[in-house]
$ cat data_1.tsv   # TSV, C-alpha atoms
chain	number	residue	atom	x	y	z
E	1	MET	CA	16.44	67.20	49.71
E	2	ASP	CA	15.08	70.62	50.64
E	3	GLN	CA	17.35	73.55	49.92
E	4	SER	CA	17.09	74.53	53.60
E	5	ILE	CA	18.46	71.14	54.67
E	6	LEU	CA	21.32	71.30	52.17
E	7	ASP	CA	22.19	74.82	53.38
E	8	GLN	CA	22.06	73.87	57.07
E	9	LEU	CA	24.09	70.70	56.47
E	10	ASN	CA	26.78	72.68	54.65
E	11	ALA	CA	26.76	75.36	57.39
E	12	ASP	CA	27.22	72.66	60.06
E	13	ARG	CA	30.08	71.10	58.14
E	14	ALA	CA	31.75	74.51	57.73
E	15	ALA	CA	31.36	75.09	61.50
E	16	LYS	CA	32.85	71.62	62.18
E	17	VAL	CA	29.68	70.41	63.91
E	18	PRO	CA	29.12	66.63	63.68
E	19	VAL	CA	25.71	66.11	62.05
E	20	ALA	CA	23.75	63.11	60.77
E	21	LEU	CA	21.36	63.38	57.83
E	22	ALA	CA	18.26	61.22	58.40
E	23	THR	CA	16.30	60.17	55.31
E	24	ASN	CA	13.10	58.14	55.26
E	25	LEU	CA	13.72	55.91	52.24
E	26	THR	CA	10.00	55.39	51.66
E	27	THR	CA	8.68	58.94	51.97
E	28	GLY	CA	11.85	60.94	51.27
E	29	ALA	CA	11.30	62.93	54.51
E	30	GLN	CA	14.59	64.32	55.86
E	31	GLY	CA	16.07	65.98	58.91
E	32	LEU	CA	19.34	66.70	60.69
E	33	LEU	CA	20.34	65.10	64.00
E	34	TYR	CA	23.13	66.13	66.36
E	35	LEU	CA	25.34	64.53	69.02
E	36	THR	CA	24.09	66.72	71.82
E	37	GLY	CA	20.85	68.47	72.52
E	38	LYS	CA	17.43	67.62	71.25
E	39	LYS	CA	17.56	69.84	68.16
E	40	GLY	CA	15.83	67.95	65.36
E	41	ALA	CA	15.27	64.81	67.44
E	42	LYS	CA	11.57	65.41	68.13
E	43	ASP	CA	10.65	64.80	64.49
E	44	TRP	CA	11.94	61.22	64.60
E	45	PRO	CA	11.22	58.01	66.52
E	46	HIS	CA	13.38	57.63	69.62
E	47	ALA	CA	15.40	54.77	68.07
E	48	VAL	CA	16.46	57.00	65.16
E	49	ALA	CA	17.71	59.84	67.39
E	50	GLU	CA	19.56	57.30	69.52
E	51	ARG	CA	21.25	55.57	66.58
E	52	ALA	CA	22.21	58.97	65.11
E	53	ARG	CA	24.68	59.39	67.97
E	54	ALA	CA	26.13	55.90	67.42
E	55	VAL	CA	26.43	56.52	63.69
E	56	LEU	CA	28.37	59.75	64.30
E	57	LEU	CA	30.70	58.10	66.80
E	58	SER	CA	31.37	55.03	64.63
E	59	GLU	CA	31.32	57.08	61.42
E	60	LYS	CA	29.37	54.26	59.79
E	61	ALA	CA	26.10	54.96	57.99
E	62	GLU	CA	23.18	52.65	58.76
E	63	THR	CA	19.47	52.09	58.19
E	64	VAL	CA	17.04	52.02	61.13
E	65	GLU	CA	13.66	50.31	60.66
E	66	THR	CA	10.71	52.39	61.90
E	67	PRO	CA	6.90	52.05	61.62
E	68	ASP	CA	7.02	54.80	58.97
E	69	GLY	CA	9.62	52.98	56.86
E	70	PRO	CA	13.39	52.53	56.83
E	71	VAL	CA	15.36	55.61	57.88
E	72	PHE	CA	18.90	55.99	56.55
E	73	LEU	CA	21.38	57.79	58.81
E	74	ASN	CA	24.42	59.31	57.08
E	75	PRO	CA	27.12	60.84	59.32
E	76	PHE	CA	28.95	64.04	58.36
E	77	ASN	CA	31.85	64.45	60.75
E	78	PRO	CA	34.42	67.24	60.83
E	79	PRO	CA	37.91	66.25	59.66
E	80	LEU	CA	40.16	64.29	61.99
E	81	ARG	CA	42.90	66.29	63.67
E	82	LEU	CA	46.07	65.38	65.52
E	83	ILE	CA	47.80	67.83	67.82
E	84	ALA	CA	51.37	66.86	68.69
E	85	VAL	CA	52.98	68.81	71.51
E	86	GLY	CA	56.75	68.74	71.12
E	87	ALA	CA	58.58	69.01	67.79
E	88	VAL	CA	60.88	66.12	68.70
E	89	HIS	CA	62.40	63.35	66.58
E	90	ILE	CA	59.38	61.03	67.00
E	91	THR	CA	57.12	63.89	65.87
E	92	GLN	CA	59.10	64.21	62.64
E	93	ALA	CA	57.87	60.69	61.80
E	94	LEU	CA	54.45	60.91	63.47
E	95	ALA	CA	53.35	64.14	61.76
E	96	PRO	CA	53.71	62.97	58.12
E	97	MET	CA	52.36	59.49	58.99
E	98	ALA	CA	49.25	60.95	60.65
E	99	SER	CA	48.85	63.28	57.71
E	100	LEU	CA	48.85	60.27	55.34
E	101	ALA	CA	46.27	58.58	57.55
E	102	GLY	CA	43.91	61.51	57.01
E	103	TYR	CA	44.59	63.76	59.99
E	104	ALA	CA	45.08	67.50	59.81
E	105	VAL	CA	48.24	67.73	61.92
E	106	THR	CA	49.41	70.66	64.06
E	107	VAL	CA	52.69	70.55	65.97
E	108	ILE	CA	52.96	72.83	68.99
E	109	ASP	CA	56.40	73.73	70.35
E	110	PRO	CA	57.39	77.15	71.70
E	111	ARG	CA	61.07	76.24	71.35
E	112	ARG	CA	61.76	77.67	67.91
E	113	ALA	CA	64.88	75.62	67.29
E	114	PHE	CA	62.76	72.47	67.56
E	115	GLY	CA	59.64	73.65	65.80
E	116	SER	CA	61.26	74.97	62.65
E	117	GLU	CA	59.66	74.63	59.22
E	118	ALA	CA	62.79	72.90	57.91
E	119	ARG	CA	62.29	69.97	60.27
E	120	PHE	CA	58.57	69.74	59.44
E	121	PRO	CA	57.92	70.45	55.77
E	122	ASP	CA	54.21	70.84	54.94
E	123	ILE	CA	53.12	70.49	58.59
E	124	GLU	CA	51.33	73.28	60.41
E	125	MET	CA	53.52	74.58	63.24
E	126	SER	CA	52.57	76.60	66.29
E	127	ASN	CA	55.24	78.31	68.39
E	128	ALA	CA	52.69	79.18	71.08
E	129	TRP	CA	52.93	77.88	74.63
E	130	PRO	CA	50.95	74.65	74.84
E	131	ASP	CA	48.11	76.10	76.95
E	132	GLU	CA	47.63	78.97	74.49
E	133	GLY	CA	48.15	76.75	71.47
E	134	MET	CA	45.59	74.24	72.74
E	135	ALA	CA	43.10	77.01	73.56
E	136	ALA	CA	43.40	78.31	70.01
E	137	LEU	CA	43.00	74.85	68.43
E	138	LYS	CA	40.01	73.81	70.58
E	139	PRO	CA	40.38	70.01	70.46
E	140	ASP	CA	37.05	68.27	69.87
E	141	LEU	CA	35.58	64.78	69.56
E	142	ARG	CA	37.54	64.29	66.32
E	143	THR	CA	40.90	65.33	67.74
E	144	ALA	CA	43.79	63.25	69.07
E	145	VAL	CA	46.34	64.93	71.37
E	146	VAL	CA	49.83	63.51	71.92
E	147	THR	CA	52.45	65.11	74.17
E	148	LEU	CA	56.05	64.22	73.38
E	149	THR	CA	58.34	66.79	75.02
E	150	HIS	CA	59.21	64.92	78.24
E	151	ASP	CA	59.18	68.37	79.82
E	152	PRO	CA	56.42	68.87	82.42
E	153	LYS	CA	56.46	72.61	81.76
E	154	LEU	CA	55.27	71.90	78.21
E	155	ASP	CA	53.46	68.56	78.51
E	156	ASP	CA	51.38	69.26	81.61
E	157	PRO	CA	49.52	72.37	80.40
E	158	ALA	CA	48.71	70.55	77.15
E	159	LEU	CA	47.41	67.53	79.05
E	160	VAL	CA	45.28	69.76	81.30
E	161	ALA	CA	43.71	71.34	78.19
E	162	ALA	CA	43.25	67.93	76.55
E	163	LEU	CA	41.58	66.47	79.65
E	164	ARG	CA	39.13	69.38	79.70
E	165	SER	CA	38.26	68.76	76.02
E	166	ASP	CA	36.32	66.02	74.20
E	167	ALA	CA	39.49	64.75	72.47
E	168	PHE	CA	38.93	61.10	71.53
E	169	TYR	CA	42.56	60.22	72.28
E	170	ILE	CA	45.11	61.59	74.71
E	171	GLY	CA	48.61	60.09	74.79
E	172	SER	CA	51.73	61.09	76.64
E	173	LEU	CA	55.28	59.93	75.96
E	174	GLY	CA	57.36	58.80	78.91
E	175	SER	CA	58.41	55.73	80.88
E	176	LYS	CA	56.17	54.11	83.48
E	177	LYS	CA	58.03	56.06	86.15
E	178	THR	CA	57.72	59.38	84.31
E	179	HIS	CA	54.06	58.67	83.72
E	180	ALA	CA	53.41	57.87	87.38
E	181	SER	CA	54.87	61.17	88.52
E	182	ARG	CA	52.97	62.96	85.74
E	183	LEU	CA	49.69	61.45	86.96
E	184	GLU	CA	50.56	62.49	90.52
E	185	ARG	CA	51.07	66.12	89.43
E	186	LEU	CA	47.75	66.11	87.54
E	187	ARG	CA	46.02	64.57	90.56
E	188	GLN	CA	47.37	67.48	92.63
E	189	ALA	CA	45.92	69.78	89.99
E	190	GLY	CA	42.51	68.34	90.78
E	191	PHE	CA	41.90	65.61	88.17
E	192	SER	CA	40.20	62.39	89.31
E	193	ASP	CA	41.60	58.95	88.57
E	194	ASN	CA	38.67	58.48	86.21
E	195	ALA	CA	39.63	61.53	84.20
E	196	LEU	CA	43.31	60.58	84.20
E	197	ALA	CA	42.48	57.11	82.86
E	198	ARG	CA	41.88	58.85	79.51
E	199	ILE	CA	45.63	59.39	79.14
E	200	HIS	CA	47.44	56.61	77.29
E	201	GLY	CA	50.81	56.31	79.00
E	202	PRO	CA	53.34	55.00	78.30
E	203	VAL	CA	52.08	56.02	74.88
E	204	GLY	CA	51.48	53.66	71.94
E	205	LEU	CA	50.64	50.02	71.40
E	206	ALA	CA	53.16	47.53	72.81
E	207	ILE	CA	54.76	46.34	69.57
E	208	GLY	CA	58.35	46.52	70.71
E	209	ALA	CA	58.97	49.79	68.87
E	210	LYS	CA	62.56	51.05	69.14
E	211	SER	CA	63.34	53.77	66.58
E	212	PRO	CA	61.49	57.11	66.49
E	213	SER	CA	59.58	55.98	63.37
E	214	GLU	CA	58.53	52.71	64.99
E	215	ILE	CA	57.33	54.56	68.08
E	216	ALA	CA	55.34	56.85	65.76
E	217	ILE	CA	53.74	53.74	64.23
E	218	SER	CA	52.78	52.41	67.66
E	219	ILE	CA	51.26	55.79	68.59
E	220	LEU	CA	49.31	56.11	65.34
E	221	ALA	CA	48.11	52.50	65.73
E	222	GLN	CA	46.80	53.31	69.20
E	223	VAL	CA	45.12	56.49	67.93
E	224	THR	CA	43.45	54.42	65.18
E	225	GLN	CA	42.31	51.84	67.72
E	226	ALA	CA	40.78	54.56	69.91
E	227	LEU	CA	39.00	56.02	66.88
E	228	ARG	CA	37.67	52.80	65.39
E	229	GLN	CA	37.10	50.55	68.39
E	230	GLN	CA	35.65	53.00	70.88
E	231	PRO	CA	32.47	51.64	72.48
E	232	VAL	CA	29.27	53.19	71.12
U	1	MET	CA	31.62	59.30	54.77
U	2	THR	CA	33.84	60.58	52.04
U	3	ALA	CA	32.18	63.91	51.42
U	4	MET	CA	35.03	65.68	53.22
U	5	HIS	CA	37.70	64.69	50.72
U	6	GLU	CA	35.70	65.69	47.70
U	7	ASP	CA	33.18	68.30	48.75
U	8	ILE	CA	30.13	66.82	47.04
U	9	LEU	CA	27.42	68.72	48.88
U	10	GLY	CA	29.47	71.92	48.59
U	11	GLN	CA	29.56	71.49	44.82
U	12	VAL	CA	25.83	70.76	44.74
U	13	ALA	CA	25.22	73.97	46.71
U	14	ASN	CA	27.33	75.87	44.16
U	15	TRP	CA	25.30	74.42	41.29
U	16	ARG	CA	22.09	75.41	43.05
U	17	GLN	CA	23.39	78.93	43.58
U	18	ALA	CA	24.09	79.11	39.87
U	19	GLY	CA	20.41	78.32	39.32
U	20	LYS	CA	20.85	74.72	38.25
U	21	THR	CA	18.56	71.78	39.01
U	22	CYS	CA	20.41	69.03	40.89
U	23	ALA	CA	20.04	65.58	42.36
U	24	VAL	CA	22.02	63.59	44.93
U	25	ALA	CA	22.47	59.81	44.88
U	26	THR	CA	23.53	58.06	48.10
U	27	VAL	CA	24.62	54.46	48.69
U	28	VAL	CA	22.28	53.33	51.49
U	29	GLU	CA	23.04	49.64	51.66
U	30	THR	CA	25.73	47.26	50.46
U	31	TRP	CA	26.13	43.48	50.37
U	32	GLY	CA	29.30	41.57	49.61
U	33	SER	CA	32.27	43.42	48.22
U	34	ALA	CA	30.63	46.64	47.14
U	35	PRO	CA	32.97	49.27	45.70
U	36	ARG	CA	31.87	52.20	47.92
U	37	PRO	CA	30.55	52.04	51.49
U	38	ALA	CA	27.08	53.16	52.59
U	39	GLY	CA	26.95	56.94	52.80
U	40	SER	CA	28.99	57.52	49.62
U	41	GLN	CA	27.42	60.19	47.44
U	42	LEU	CA	27.21	61.33	43.84
U	43	GLY	CA	25.95	64.80	42.95
U	44	VAL	CA	24.52	65.44	39.48
U	45	ASP	CA	23.43	68.65	37.81
U	46	GLU	CA	20.87	69.12	35.02
U	47	ALA	CA	23.59	68.87	32.36
U	48	GLY	CA	24.78	65.53	33.71
U	49	ASN	CA	27.92	66.90	35.38
U	50	MET	CA	29.01	64.65	38.26
U	51	VAL	CA	30.81	65.06	41.57
U	52	GLY	CA	31.71	62.13	43.85
U	53	SER	CA	30.83	58.49	43.19
U	54	VAL	CA	28.57	55.64	44.30
U	55	SER	CA	30.62	52.81	42.76
U	56	GLY	CA	33.88	52.35	40.97
U	57	GLY	CA	32.24	53.79	37.87
U	58	CYS	CA	30.18	50.65	37.12
U	59	VAL	CA	26.69	52.05	37.74
U	60	GLU	CA	27.16	55.83	37.57
U	61	GLY	CA	25.74	56.01	34.05
U	62	ALA	CA	22.47	54.40	35.07
U	63	VAL	CA	22.31	56.45	38.27
U	64	VAL	CA	22.74	59.71	36.38
U	65	GLN	CA	19.83	58.71	34.11
U	66	GLU	CA	17.60	58.09	37.14
U	67	ALA	CA	18.84	61.35	38.68
U	68	MET	CA	17.71	63.22	35.54
U	69	GLU	CA	14.25	61.69	35.87
U	70	ALA	CA	14.12	62.57	39.58
U	71	MET	CA	14.96	66.18	38.67
U	72	GLN	CA	11.97	66.20	36.31
U	73	ASP	CA	9.28	64.57	38.43
U	74	GLY	CA	10.69	65.50	41.86
U	75	LYS	CA	10.17	62.00	43.24
U	76	PRO	CA	12.87	60.16	45.19
U	77	ARG	CA	13.82	56.65	44.02
U	78	LEU	CA	15.50	53.61	45.51
U	79	LEU	CA	17.65	51.71	43.02
U	80	GLU	CA	19.30	48.34	43.38
U	81	PHE	CA	22.28	47.02	41.44
U	82	GLY	CA	23.92	43.64	41.69
U	83	VAL	CA	25.03	40.57	39.82
U	84	SER	CA	21.65	38.86	40.19
U	85	ASP	CA	19.90	41.66	38.32
U	86	SER	CA	19.16	41.08	34.66
U	87	GLU	CA	20.21	44.70	34.31
U	88	ALA	CA	23.54	43.77	35.83
U	89	TRP	CA	24.82	42.59	32.50
U	90	ALA	CA	24.42	46.08	31.23
U	91	VAL	CA	25.37	48.11	34.30
U	92	GLY	CA	26.50	45.52	36.83
U	93	LEU	CA	29.15	45.49	39.48
U	94	ALA	CA	32.18	43.56	38.32
U	95	CYS	CA	33.13	42.86	41.92
U	96	GLY	CA	30.02	40.73	42.50
U	97	GLY	CA	28.63	42.96	45.22
U	98	LYS	CA	25.17	44.42	45.54
U	99	ILE	CA	24.23	48.00	46.36
U	100	ARG	CA	21.08	50.01	46.99
U	101	ILE	CA	21.11	53.68	46.03
U	102	PHE	CA	18.70	56.45	47.04
U	103	VAL	CA	18.29	59.19	44.44
U	104	GLU	CA	16.64	62.51	45.29
U	105	LYS	CA	16.14	65.90	43.72
U	106	VAL	CA	17.69	68.84	45.57
U	107	GLY	CA	15.69	72.00	46.23
$ encode --input "data_1.tsv" --output "structure tokens"
Amino acid sequence: MDQSILDQLNADRAAKVPVALATNLTTGAQGLLYLTGKKGAKDWPHAVAERARAVLLSEKAETVETPDGPVFLNPFNPPLRLIAVGAVHITQALAPMASLAGYAVTVIDPRRAFGSEARFPDIEMSNAWPDEGMAALKPDLRTAVVTLTHDPKLDDPALVAALRSDAFYIGSLGSKKTHASRLERLRQAGFSDNALARIHGPVGLAIGAKSPSEIAISILAQVTQALRQQPV
Amino acid sequence: MTAMHEDILGQVANWRQAGKTCAVATVVETWGSAPRPAGSQLGVDEAGNMVGSVSGGCVEGAVVQEAMEAMQDGKPRLLEFGVSDSEAWAVGLACGGKIRIFVEKVG
């Protein structure tokens, strides 16, 4: 591995840029491939550049056969993140569970009584308004966003920001009726049905969850499903 | 991809900055119940210090030896470990899996 490749790879990881390291296992030739843009792609057969994207999305390394020999693609993705809007009872279970599952969790709630450190030990809290909080956190392809406040004043701006991002999962707590009126408001705000289909609502897998902790399990299960079973 | 939990390539970069010769070993293929998935990495410096892993500790010794040789001659190598290897008795995988590991010098 050339020093320049090691340095660039580490710089990309520090900048939270998803990057795949391509290595020709016969010659030792290496290069870096990215999700978007053609940077680096011209040095490799088309099939390699194409699979690099799939490897990053599935987070599963693989070897691609080429006329020049087998090329190993190793994905280096930024850490998973979960942004929960609303420091409610369900969030008190969801935040530590998601943290255990490997997510860097941030809870956004401008209502200080809800979003106090005492209710969320060891979880990063933001008391910003959701639109500002989301703008600061910049959700990306490795981020899940869940709104849990039931309050359109707080949920809607967060959903608008999430829909404009590459977040791999967007979920919103609320009954079918609440969700229908939520979708109607977002439609008025200019989002297409296609865009709104990204929102999982009512949130979570249908496992009959009742208690706040069980609902957190159903949400985290759905987030996991979106992460691991997304089509590539 | 486990490099995020233990910053293997970050440690390798630190070793390089300190003027050390290094090598990286990467699991590139697995069959059966291999201990670490493809993409798992082990960084080694010239003194044999390790960061990360390519198995549950079963083959690291042999990999470090190959890494030392790669540091000397600069040539990458593709190693294979598994129960069918005669070598497996010495440095085999207890789980019965098979793995292929790419070892390369850094810098």
$ closest_atom_pairs --input "data_1.tsv" --of "chain E" --to "chain U" --cutoff "9 Å" --atoms "all atoms listed in the file" --output "tab-separated table"
residue	atom	partner	partner_atom	distance
E:Met1	CA	U:Val106	CA	4.6
E:Asp2	CA	U:Gly107	CA	4.7
E:Gln3	CA	U:Gly107	CA	4.3
E:Ser4	CA	U:Gly107	CA	7.9
E:Ile5	CA	U:Gly107	CA	8.9
E:Leu6	CA	U:Ala13	CA	7.2
E:Asp7	CA	U:Ala13	CA	7.4
E:Leu9	CA	U:Leu9	CA	8.5
E:Asn10	CA	U:Gly10	CA	6.7
E:Arg13	CA	U:Met4	CA	8.8
E:Leu25	CA	U:Phe102	CA	7.2
E:Thr26	CA	U:Leu78	CA	8.4
E:Thr27	CA	U:Pro76	CA	8.1
E:Gly28	CA	U:Pro76	CA	6.2
E:Glu59	CA	U:Met1	CA	7.0
E:Lys60	CA	U:Met1	CA	7.5
E:Ala61	CA	U:Gly39	CA	5.6
E:Glu62	CA	U:Ala38	CA	7.3
E:Thr63	CA	U:Val28	CA	7.4
E:Phe72	CA	U:Val28	CA	6.6
E:Leu73	CA	U:Gly39	CA	8.2
E:Asn74	CA	U:Gly39	CA	5.5
E:Pro75	CA	U:Met1	CA	6.6
E:Phe76	CA	U:Met1	CA	6.5
E:Asn77	CA	U:Met1	CA	7.9
E:Pro78	CA	U:Met4	CA	7.8
E:Pro79	CA	U:Met4	CA	7.1
$ atom_distance --input "data_1.tsv" --atom1 "CA of Val88 (chain E)" --atom2 "CA of Arg112 (chain E)"
11.6 Å
$ closest_residue --input "data_1.tsv" --among "E:Gln92, E:Gln8, E:Gln188, E:Thr23" --to "Ile215 (chain E)" --atoms "all atoms listed in the file"
E:Gln92
$ residues_around --input "data_1.tsv" --residues "Gly69 (chain E)" --least-positions-apart "2" --cutoff "7 Å" --atoms "only C-alpha atoms" --output "list of chain:residue names"
E:Asn24, E:Leu25, E:Thr26, E:Glu65, E:Thr66, E:Pro67, E:Val71
$ closest_residue --input "data_1.tsv" --among "E:Ala128, E:Ile217, E:Val223, E:Ile170" --to "Ala197 (chain E)" --atoms "all atoms listed in the file"
E:Ile170
$ closest_residue --input "data_1.tsv" --among "U:Gly82, U:Arg36, U:Trp31, U:Val44" --to "Gly56 (chain U)" --atoms "all atoms listed in the file"
U:Arg36
$ atom_distance --input "data_1.tsv" --atom1 "CA of Leu57 (chain E)" --atom2 "CA of Gln229 (chain E)"
10.0 Å
$ residues_near_point --input "data_1.tsv" --point "(45.6, 68.4, 73.5)" --cutoff "6 Å" --atoms "only C-alpha atoms" --output "PyMOL selection string"
chain E and resi 134+145+158-159+161-162
$ write_last_selection --input "data_1.tsv" --atoms "C-alpha atoms" --output "JSON list (two decimals), in the coordinates of the input"
[["chain", "number", "residue", "atom", "x", "y", "z"],
["E", 134, "MET", "CA", 45.59, 74.24, 72.74],
["E", 145, "VAL", "CA", 46.34, 64.93, 71.37],
["E", 158, "ALA", "CA", 48.71, 70.55, 77.15],
["E", 159, "LEU", "CA", 47.41, 67.53, 79.05],
["E", 161, "ALA", "CA", 43.71, 71.34, 78.19],
["E", 162, "ALA", "CA", 43.25, 67.93, 76.55]]
$ atom_distance --input "data_1.tsv" --atom1 "CA of Met97 (chain E)" --atom2 "CA of Leu220 (chain E)"
7.8 Å
$ closest_residue --input "data_1.tsv" --among "E:Ala15, E:Ala118, E:Ala95, E:Leu56" --to "Leu141 (chain E)" --atoms "all atoms listed in the file"
E:Leu56
$ residues_around --input "data_1.tsv" --residues "Gly48 (chain U)" --least-positions-apart "5" --cutoff "10 Å" --atoms "all atoms listed in the file" --output "list in words"
Cys22, Ala23, Gly43, Gly61, Val64, Gln65, Ala67 and Met68 of chain U
$ axis_aligned_box --input "data_1.tsv" --around "region 47-62 of chain U" --padding-each-side "5 Å" --output "AutoDock Vina command-line options"
--center_x 28.2 --center_y 59.8 --center_z 38.3 --size_x 21.4 --size_y 28.2 --size_z 21.9
$ closest_residue --input "data_1.tsv" --among "E:Ala226, E:Val55, E:Val48, E:Leu94" --to "Pro18 (chain E)" --atoms "all atoms listed in the file"
E:Val55
$ residues_near_point --input "data_1.tsv" --point "(43.4, 59.8, 74.8)" --cutoff "7 Å" --atoms "all atoms listed in the file" --output "number ranges by chain"
E: 144-145, 167-171, 198-200
$ write_last_selection --input "data_1.tsv" --atoms "C-alpha atoms" --output "PDB file, in the frame of the given file"
ATOM      1  CA  ALA E 144      43.790  63.250  69.070  1.00  0.00           C
ATOM      2  CA  VAL E 145      46.340  64.930  71.370  1.00  0.00           C
ATOM      3  CA  ALA E 167      39.490  64.750  72.470  1.00  0.00           C
ATOM      4  CA  PHE E 168      38.930  61.100  71.530  1.00  0.00           C
ATOM      5  CA  TYR E 169      42.560  60.220  72.280  1.00  0.00           C
ATOM      6  CA  ILE E 170      45.110  61.590  74.710  1.00  0.00           C
ATOM      7  CA  GLY E 171      48.610  60.090  74.790  1.00  0.00           C
ATOM      8  CA  ARG E 198      41.880  58.850  79.510  1.00  0.00           C
ATOM      9  CA  ILE E 199      45.630  59.390  79.140  1.00  0.00           C
ATOM     10  CA  HIS E 200      47.440  56.610  77.290  1.00  0.00           C
TER      11      HIS E 200
END
$ decode --input "data_1.tsv" --residues "region 221-227 of chain E" --atoms "all heavy atoms" --output "CSV table (one decimal), in the first residue's frame"
chain,number,residue,atom,x,y,z
E,221,ALA,N,-35.5,-2.6,15.1
E,221,ALA,CA,-35.5,-3.7,14.1
E,221,ALA,C,-35.8,-3.2,12.7
E,221,ALA,O,-35.2,-3.6,11.8
E,221,ALA,CB,-36.6,-4.7,14.6
E,222,GLN,N,-36.6,-2.2,12.6
E,222,GLN,CA,-36.9,-1.6,11.3
E,222,GLN,C,-35.7,-0.9,10.7
E,222,GLN,O,-35.4,-0.9,9.5
E,222,GLN,CB,-38.2,-0.7,11.3
E,222,GLN,CG,-38.7,-0.4,10.0
E,222,GLN,CD,-40.1,0.3,10.1
E,222,GLN,OE1,-40.2,1.2,10.9
E,222,GLN,NE2,-41.1,-0.1,9.3
E,223,VAL,N,-35.0,-0.2,11.6
E,223,VAL,CA,-33.8,0.5,11.2
E,223,VAL,C,-32.8,-0.5,10.7
E,223,VAL,O,-32.2,-0.3,9.6
E,223,VAL,CB,-33.3,1.4,12.3
E,223,VAL,CG1,-31.9,1.9,12.0
E,223,VAL,CG2,-34.2,2.5,12.7
E,224,THR,N,-32.6,-1.6,11.4
E,224,THR,CA,-31.7,-2.6,11.0
E,224,THR,C,-32.1,-3.2,9.7
E,224,THR,O,-31.2,-3.4,8.8
E,224,THR,CB,-31.7,-3.7,12.1
E,224,THR,OG1,-31.4,-3.1,13.4
E,224,THR,CG2,-30.6,-4.7,11.8
E,225,GLN,N,-33.4,-3.5,9.5
E,225,GLN,CA,-33.9,-4.0,8.2
E,225,GLN,C,-33.5,-3.1,7.1
E,225,GLN,O,-33.1,-3.5,6.0
E,225,GLN,CB,-35.4,-4.2,8.3
E,225,GLN,CG,-36.0,-4.9,7.1
E,225,GLN,CD,-37.5,-5.1,7.2
E,225,GLN,OE1,-38.2,-4.1,7.6
E,225,GLN,NE2,-37.9,-6.3,7.0
E,226,ALA,N,-33.8,-1.8,7.3
E,226,ALA,CA,-33.5,-0.8,6.2
E,226,ALA,C,-32.0,-0.8,5.9
E,226,ALA,O,-31.6,-0.6,4.7
E,226,ALA,CB,-34.0,0.6,6.7
E,227,LEU,N,-31.2,-0.9,6.9
E,227,LEU,CA,-29.7,-0.9,6.7
E,227,LEU,C,-29.2,-2.1,6.0
E,227,LEU,O,-28.4,-2.0,5.1
E,227,LEU,CB,-29.0,-0.8,8.1
E,227,LEU,CG,-27.5,-0.8,8.0
E,227,LEU,CD1,-26.9,0.4,7.4
E,227,LEU,CD2,-26.9,-1.1,9.4
